[in-house]
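Trainee: Would you mind keeping the following structure in view while I ask a few things?
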Amino acid sequence: MIAKAPDNQQLLFSAHLEQILNHAHPLFKLANAIDWSEFEQTFGKFYSPDQGRPAKPIRLMVGLHYLKHTFDLSDEEVVARWVENPYWQYFCGERHFQHELPIEPSLMTKWRNKVKERGMEKLLEVTIKTGLKTGALKKAQLKKVCVDTTVQEKAISFPTDAKLYHRMRQKLIKKAKASGMELRQTYVRKSKQALVMHSRLARNYLLGSEGDRVNAILCGCGYNIRRLLRAIIFWLWRVLLFGRFCHRGALTIMTDESF
């Protein structure tokens, strides 16, 4: 069943998040820049209007997936941190601060299985549209396509060459210490960094080939959201710096409301 509208009468005397949050915060501005109605139109067909129990709001599910891949979190972690962060709650469509978990973490998996790869492509599409809308992305940049050959690892440890080299280094250091040899350099930190960079995508915990495609698309969504947030932060820094400069010169400026 389609999600029901919240009962605002129970929250009549509660403060709105818009009243207590910093409107200059990047997530606040990004939440207002994204056209969330596109998701309602796209994913509404997956819900029956009058059958079954009421579903969770579509914006909540989309927002949680954006946050999950933007900050590289598990399903359990993103749901737990949502309760603690009012900006995350506002980003996901809440108007009043919530004190309980929004969903069971397992619902994230069920929702991904419902919308599948085609639905996740919509999440990626909206990040691109938002980038064009805010100026973080230029149309000229869409004329060039960069093909990345990075491989995403599954949640299975395969004996790749990089892992074998890393394991061999560990064994050699252990043998050297056991025999009393002093090593000038063990490369403990550098080897871990090199192993992480060798893979560039994090391990994929989603099931099957469909999970591979969904995870790759969501990683792209996370990258785009991080880029949008950086663009907003840069814009705020520029406005602040320019505002101070004009204030010293006794000039009056109008703030840019493009976001």
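Chain labels follow the order of the structure tokens: the first chain is A, the next B, and so on; residue numbering restarts at 1 in every chain, and ligands are counted from 1 in their shown order.
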Write out as JSON, numbers by chain the residues lying within 12 Å of stretch 77-93 of chain A, counting only C-alpha atoms and excluding same-chain residues fewer than 3 positions away.

Mentor: {"A": [5, 6, 16, 17, 18, 19, 20, 21, 22, 23, 24, 25, 26, 27, 28, 29, 30, 31, 32, 33, 34, 35, 36, 37, 56, 57, 58, 59, 60, 61, 62, 63, 64, 65, 66, 67, 68, 69, 70, 71, 72, 73, 74, 96, 97, 98, 99, 100, 101, 102, 103, 104, 105, 106, 107, 108]}

Trainee: List as a tab-separated table every residue of stretch 44-134 of chain A that is in contact with stretch 231-241 of chain A, defined as an atom at most 12 Å from one of its atoms (using only C-alpha atoms), together with the nearest atom pair and the distance in Å rounded to one decimal, sorted by chain and then rising number.

Mentor:
residue	atom	partner	partner_atom	distance
A:Thr130	CA	A:Ala231	CA	11.5
A:Gly131	CA	A:Ala231	CA	9.1
A:Leu132	CA	A:Ala231	CA	11.7
A:Thr134	CA	A:Ile232	CA	8.6

Trainee: Tell me which protein, DNA and RNA residues are within 9 Å of A:Asn224, counting only C-alpha atoms, leaving out same-chain ones fewer than 4 positions away, and put them as JSON, numbers by chain.

Mentor: {"A": [70, 124, 127, 128, 131, 219, 220, 228, 229]}

Trainee: Pick the closest to A:Arg95 from A:Asp212, A:Arg189, A:Ser14, A:Val126: which is it, counting only C-alpha atoms?

Mentor: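 The shortest atom-to-atom distance to A:Arg95 comes from A:Ser14.
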
Trainee: Could you check which of A:Met120, A:Ala55, A:Ile173, A:Leu183 is closest to A:Ala216, using only C-alpha atoms?

Mentor: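 Of A:Met120, A:Ala55, A:Ile173, A:Leu183, the one nearest A:Ala216 is A:Met120, counting only C-alpha atoms.
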
Trainee: Looking at only C-alpha atoms, which of A:Arg53, A:Phe46, A:Thr109, A:Gly119 is the one that sits closest to A:Ile217?

Mentor: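 The closest residue to A:Ile217 is A:Gly119.
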
Trainee: May I ask for the distance between atom CA of A:Pro49 and atom CA of A:Glu117, given in Å to one decimal place?

Mentor: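 That distance, rounded to one decimal, is 23.5 Å.
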
Trainee: Hey, can you check how far atom CA of A:Gly211 sits from atom CA of A:Leu123?

Mentor: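 Between these atoms lies a distance of 15.4 Å.
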
Trainee: What is the distance between atom CA of A:Lys144 and atom CA of A:Glu38, in Å to one decimal?

Mentor: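 We find that atom CA of A:Lys144 and atom CA of A:Glu38 lie 25.7 Å from each other.
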
Trainee: When you count only C-alpha atoms, which of these residues is closest to A:Thr186: A:Ala15, A:Ala136, A:Leu142, A:Met168?

Mentor: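 Of A:Ala15, A:Ala136, A:Leu142, A:Met168, the one nearest A:Thr186, counting only C-alpha atoms, is A:Met168.
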